[in-house]
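K.L.:
Sharing a structure below in structure tokens format, with a few things to ask.
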Amino acid sequence: MKISIFSYLALAFAFVTAGNLFSQDAGSFQWSFRAGGEGNDKIRGACAAANGGVFVTGEITGETDFGPHMLKSAGSLDFVLAKIDQAGEVIWAVRTGGAEIDRGYAVSPDEDGGCFVTGHFQSETIRFGDVKLTNSGDYDGFIARFNESGKCLWAQRFGGENYDFGHGISTGSDGNVVVSGTIANLGDIGGKVIGREKSRSAVVAKFSPDGEMIWSAAATGPGISGHNVTVGSDGLIYLAAFGRGKIDWSDTVSTTSKIQDIGLAKYNANGEFQWVKQAGGESNGASTGVSVDEKTGNICLSGMFKGTARFGDSEFTSHGGNDFFVAVYSSDGDVLNAHHGGGLETDYALGSAALPNGGGFVITGEITKAANFNGKKFTTTGERDAYILELSPDGSVVKSFILAGGKDHDLSYAIAATSDGGVVISGAFRNETQFGATSLTAKKGNDIFVSKYQSSAAK
């Protein structure tokens, strides 16, 4: 049975119990804080850290307060990385960057209390600790490792002369880390040449904890992008990707779509391509978040689409602008359950995380003004509101849905499920916003929010 339930919300938070929906209240938010300055600051990636804490990464502009830590960007946007403990205290925050735009997109924990991080940089050079990275042209991607105290252990660039980026990163049970991203035309990663002229490559590469590349794989086509990546407890790897035209996923497997199509690709632990599943139809979509349940091996894929998208036996048509979708697949690539929702404007599902101990999945994103789902209408407090959606491991049950926001824009990009049953979301907001009993006020432009919520699995 497929259950897709959304509640009408006229205030910042309201909850309705229906069927298997798990009722929540505003008290489920444990803490929230803001960070930022007078420019546009944003968090784009988050992951669990030890003892219920989190790492977050993104970008800052100008002078920025991050908890007790003051940071100042060197140029337009600087990369930022911070470690936050279980109670919401910022342990450390670091930045790097040059004269142009440099940002972090994703972060994943290592085995020693530190983390791996990826993103891209436009500046001619940036410095991670003692390591200086030099840009090959336009944007280059990077991957770096930081220890538990915020010291960079190593860093390296990848890409070529065009627009390249690292967008996903995930640590395996063997301690190795898998990074995903995109290289335009010809480029390199770990010393290996990737791609071909007048094309793009969605890249997946595995690195040792010391920064040695173990292998790399690429899917190549005129309009492909590699987004987030996740590694299961069995070492299998799943890539959220999207593209148009003819895409060569391997030497023997190709797909073709007239417009941008949603994709989920599987690789084994050695980087060998296994399969790809696409939404089909006229989806004009993007798959942005992916996570895997440690007990069942099911995969949760999230994103957005405009037009018609197909997930197994389910066919969805967007309500107007982009609708958000969430689909849960088996490890064999069968669609178990899928959901979508949206309104006349833009609605996203951006981040996805698996709850510990096979507790299911949590997804975050944002909706604009008003949206419909399963015949119901719900509205935001301001222009856009952030949300957390919680699903069972097979996606059949919507355990809870919570909407949070203020009078302006609340953009939720990143989500992490912590070891103590918490769910942390982060992104950016303008003017004022509200998470549970906590009100946050931005200084100017976009400020960062980080907010921790207690999942239904912890109740």
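Every chain in the structure tokens has a letter given in the order shown (A, B, ...), and although residue numbers restart at 1 in each chain, ligands are simply numbered from 1 in the order shown.
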Could you tell me, as a PyMOL selection string, which residues of range 109-171 of chain A DSSP assigns to strand (DSSP E) when given the backbone?
P.N.:
chain A and resi 109+115-121+125-128+131-134+140-146+152-160+165-171
K.L.:
Quick one: write out the picked residues with C-alpha atoms as a PDB file, in the first residue's frame?
P.N.:
```
ATOM      1  CA  PRO A 109      32.449  11.719   8.721  1.00  0.00           C
ATOM      2  CA  CYS A 115      35.383  14.529   8.162  1.00  0.00           C
ATOM      3  CA  PHE A 116      35.775  14.522   4.392  1.00  0.00           C
ATOM      4  CA  VAL A 117      34.352  17.417   2.408  1.00  0.00           C
ATOM      5  CA  THR A 118      33.846  18.337  -1.249  1.00  0.00           C
ATOM      6  CA  GLY A 119      32.796  21.378  -3.239  1.00  0.00           C
ATOM      7  CA  HIS A 120      34.256  23.662  -5.877  1.00  0.00           C
ATOM      8  CA  PHE A 121      36.352  26.808  -6.200  1.00  0.00           C
ATOM      9  CA  THR A 125      44.185  29.570  -5.787  1.00  0.00           C
ATOM     10  CA  ILE A 126      42.813  28.516  -2.405  1.00  0.00           C
ATOM     11  CA  ARG A 127      44.641  27.114   0.589  1.00  0.00           C
ATOM     12  CA  PHE A 128      43.503  24.252   2.819  1.00  0.00           C
ATOM     13  CA  VAL A 131      47.979  22.695   0.923  1.00  0.00           C
ATOM     14  CA  LYS A 132      47.635  25.195  -1.931  1.00  0.00           C
ATOM     15  CA  LEU A 133      45.230  24.290  -4.751  1.00  0.00           C
ATOM     16  CA  THR A 134      45.493  25.975  -8.159  1.00  0.00           C
ATOM     17  CA  ASP A 140      37.403  23.161 -10.194  1.00  0.00           C
ATOM     18  CA  GLY A 141      36.169  20.574  -7.728  1.00  0.00           C
ATOM     19  CA  PHE A 142      37.996  19.708  -4.518  1.00  0.00           C
ATOM     20  CA  ILE A 143      38.081  16.987  -1.901  1.00  0.00           C
ATOM     21  CA  ALA A 144      39.687  17.471   1.511  1.00  0.00           C
ATOM     22  CA  ARG A 145      39.977  15.770   4.873  1.00  0.00           C
ATOM     23  CA  PHE A 146      39.847  17.548   8.245  1.00  0.00           C
ATOM     24  CA  CYS A 152      43.113  20.038   7.212  1.00  0.00           C
ATOM     25  CA  LEU A 153      45.082  16.810   6.725  1.00  0.00           C
ATOM     26  CA  TRP A 154      45.089  16.819   2.922  1.00  0.00           C
ATOM     27  CA  ALA A 155      43.304  18.337  -0.050  1.00  0.00           C
ATOM     28  CA  GLN A 156      43.303  17.979  -3.816  1.00  0.00           C
ATOM     29  CA  ARG A 157      41.555  19.494  -6.800  1.00  0.00           C
ATOM     30  CA  PHE A 158      39.900  17.855  -9.794  1.00  0.00           C
ATOM     31  CA  GLY A 159      38.467  19.070 -13.089  1.00  0.00           C
ATOM     32  CA  GLY A 160      39.649  20.887 -16.179  1.00  0.00           C
ATOM     33  CA  PHE A 165      32.308  20.587  -9.121  1.00  0.00           C
ATOM     34  CA  GLY A 166      32.192  18.062  -6.301  1.00  0.00           C
ATOM     35  CA  HIS A 167      28.626  17.642  -5.097  1.00  0.00           C
ATOM     36  CA  GLY A 168      28.377  14.467  -3.020  1.00  0.00           C
ATOM     37  CA  ILE A 169      30.541  12.518  -0.589  1.00  0.00           C
ATOM     38  CA  SER A 170      29.974   9.376   1.488  1.00  0.00           C
ATOM     39  CA  THR A 171      32.194   7.271   3.753  1.00  0.00           C
TER      40      THR A 171
END
```
K.L.:
Could you list, as a PyMOL selection string, every residue within 10 Å of Gly382 in chain A, counting only C-alpha atoms and ignoring same-chain residues fewer than 4 positions away?
P.N.:
chain A and resi 11-12+368-370+404-410+432-433
K.L.:
Keeping only C-alpha atoms, write those residues as a PDB file, in the first residue's frame.
P.N.:
```pdb
ATOM      1  CA  LEU A  11       0.826  28.624  10.797  1.00  0.00           C
ATOM      2  CA  ALA A  12       4.521  27.862  11.048  1.00  0.00           C
ATOM      3  CA  THR A 368       6.581  28.063  -2.170  1.00  0.00           C
ATOM      4  CA  LYS A 369       3.369  29.743  -0.956  1.00  0.00           C
ATOM      5  CA  ALA A 370       0.856  26.920  -1.437  1.00  0.00           C
ATOM      6  CA  ALA A 404       8.888  25.481   9.505  1.00  0.00           C
ATOM      7  CA  GLY A 405       9.522  29.030   8.479  1.00  0.00           C
ATOM      8  CA  GLY A 406       8.993  32.728   8.811  1.00  0.00           C
ATOM      9  CA  LYS A 407       7.681  35.624   6.782  1.00  0.00           C
ATOM     10  CA  ASP A 408      10.246  35.459   3.955  1.00  0.00           C
ATOM     11  CA  HIS A 409      12.436  32.759   2.382  1.00  0.00           C
ATOM     12  CA  ASP A 410      13.474  29.617   4.286  1.00  0.00           C
ATOM     13  CA  GLU A 432      12.900  36.322  10.570  1.00  0.00           C
ATOM     14  CA  THR A 433      12.107  32.647  10.931  1.00  0.00           C
TER      15      THR A 433
END
```
K.L.:
Between A:Phe33, A:Gly52, A:Glu315, A:His340, which is the closest to Val423 in chain A once you count only C-alpha atoms?
P.N.:
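Closest residue, counting only C-alpha atoms: A:Gly52.
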K.L.:
Please identify all polymer residues within 9 Å of range 391-396 of chain A, counting only C-alpha atoms, omitting same-chain residues fewer than 3 positions from it, and present them as a count of residues only.
P.N.:
29
K.L.:
Contacts between range 438-446 of chain A and range 12-107 of chain A, please, where a residue of range 12-107 of chain A counts if it comes within 10 Å (with only C-alpha atoms); show its shortest atom pair and distance in Å to one decimal, rows by chain and ascending number, as CSV.
P.N.:
```
residue,atom,partner,partner_atom,distance
A:Ala26,CA,A:Thr438,CA,9.8
A:Phe29,CA,A:Thr438,CA,8.7
A:Gln30,CA,A:Thr438,CA,9.3
A:Trp31,CA,A:Thr438,CA,7.4
A:Ser32,CA,A:Thr438,CA,6.5
A:Phe33,CA,A:Leu440,CA,6.9
A:Arg34,CA,A:Leu440,CA,6.4
A:Ala35,CA,A:Ala442,CA,8.3
A:Gly36,CA,A:Lys443,CA,7.3
A:Gly37,CA,A:Lys443,CA,6.1
A:Glu38,CA,A:Lys444,CA,4.6
A:Gly39,CA,A:Gly445,CA,5.4
A:Asn40,CA,A:Asn446,CA,4.4
A:Asp41,CA,A:Asn446,CA,5.4
A:Lys42,CA,A:Asn446,CA,7.0
A:Ile60,CA,A:Asn446,CA,9.7
A:Thr61,CA,A:Asn446,CA,9.8
```
K.L.:
Could you write out that same residue set with C-alpha atoms as a tab-separated table (two decimals), in the first residue's frame?
P.N.:
```tsv
chain	number	residue	atom	x	y	z
A	26	ALA	CA	6.62	22.15	18.09
A	29	PHE	CA	12.63	20.98	17.91
A	30	GLN	CA	15.49	20.78	20.39
A	31	TRP	CA	17.60	23.78	19.39
A	32	SER	CA	18.17	26.23	16.55
A	33	PHE	CA	20.74	28.94	15.88
A	34	ARG	CA	21.71	31.38	13.17
A	35	ALA	CA	25.10	32.30	11.74
A	36	GLY	CA	26.06	34.89	9.18
A	37	GLY	CA	26.90	38.46	8.42
A	38	GLU	CA	25.71	41.19	6.09
A	39	GLY	CA	26.12	39.16	2.89
A	40	ASN	CA	24.56	35.94	1.63
A	41	ASP	CA	25.53	32.93	3.72
A	42	LYS	CA	24.29	29.40	3.21
A	60	ILE	CA	29.97	32.73	3.73
A	61	THR	CA	30.37	36.34	2.60
```
K.L.:
Determine, using only C-alpha atoms, which residues of range 244-304 of chain A have any atom at most 7 Å from an atom of range 341-353 of chain A, and tabulate each with its shortest atom pair and distance in Å to one decimal place, rows ordered by chain and then rising number, as a Markdown table.
P.N.:
```
| residue | atom | partner | partner_atom | distance |
| --- | --- | --- | --- | --- |
| A:Thr288 | CA | A:Leu350 | CA | 5.5 |
| A:Gly289 | CA | A:Gly351 | CA | 4.6 |
| A:Val290 | CA | A:Ser352 | CA | 5.5 |
| A:Ser291 | CA | A:Ala353 | CA | 5.2 |
| A:Ser302 | CA | A:Ala349 | CA | 5.7 |
| A:Gly303 | CA | A:Ala349 | CA | 4.7 |
| A:Met304 | CA | A:Tyr348 | CA | 5.5 |
```
K.L.:
Can you write out the residues you just picked, keeping N, CA and C atoms, as a PDB file, in the first residue's frame?
P.N.:
```
ATOM      1  N   THR A 288      18.434  14.967  -6.473  1.00  0.00           N
ATOM      2  CA  THR A 288      19.382  15.750  -5.692  1.00  0.00           C
ATOM      3  C   THR A 288      19.842  15.075  -4.403  1.00  0.00           C
ATOM      4  N   GLY A 289      18.986  14.283  -3.768  1.00  0.00           N
ATOM      5  CA  GLY A 289      19.341  13.633  -2.515  1.00  0.00           C
ATOM      6  C   GLY A 289      19.247  12.130  -2.634  1.00  0.00           C
ATOM      7  N   VAL A 290      20.157  11.407  -1.981  1.00  0.00           N
ATOM      8  CA  VAL A 290      20.118   9.946  -2.006  1.00  0.00           C
ATOM      9  C   VAL A 290      20.689   9.423  -0.696  1.00  0.00           C
ATOM     10  N   SER A 291      20.055   8.380  -0.151  1.00  0.00           N
ATOM     11  CA  SER A 291      20.523   7.744   1.075  1.00  0.00           C
ATOM     12  C   SER A 291      20.106   6.285   1.048  1.00  0.00           C
ATOM     13  N   SER A 302      15.485  11.597  -3.820  1.00  0.00           N
ATOM     14  CA  SER A 302      14.619  12.768  -3.751  1.00  0.00           C
ATOM     15  C   SER A 302      15.057  13.803  -4.781  1.00  0.00           C
ATOM     16  N   GLY A 303      14.120  14.685  -5.138  1.00  0.00           N
ATOM     17  CA  GLY A 303      14.446  15.725  -6.104  1.00  0.00           C
ATOM     18  C   GLY A 303      13.209  16.492  -6.518  1.00  0.00           C
ATOM     19  N   MET A 304      13.203  16.937  -7.779  1.00  0.00           N
ATOM     20  CA  MET A 304      12.086  17.729  -8.297  1.00  0.00           C
ATOM     21  C   MET A 304      11.906  17.438  -9.775  1.00  0.00           C
TER      22      MET A 304
END
```
K.L.:
Between A:Ala458, A:Glu100, A:Ser108, A:Lys266, which one has atoms that come closest to Ile415 in chain A, using only C-alpha atoms?
P.N.:
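Counting only C-alpha atoms, the residue closest to Ile415 in chain A is A:Ser108.
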K.L.:
Just the number, please: distance in Å from CA of Thr96 in chain A to CA of Ser180 in chain A, one decimal.
P.N.:
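Distance between the two atoms: 21.1 Å.
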K.L.:
State, in Å with one decimal place, the distance from CA of Lys377 in chain A to CA of Gly422 in chain A.
P.N.:
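Taking CA of Lys377 in chain A as the start and CA of Gly422 in chain A as the end point, the length is 28.2 Å.
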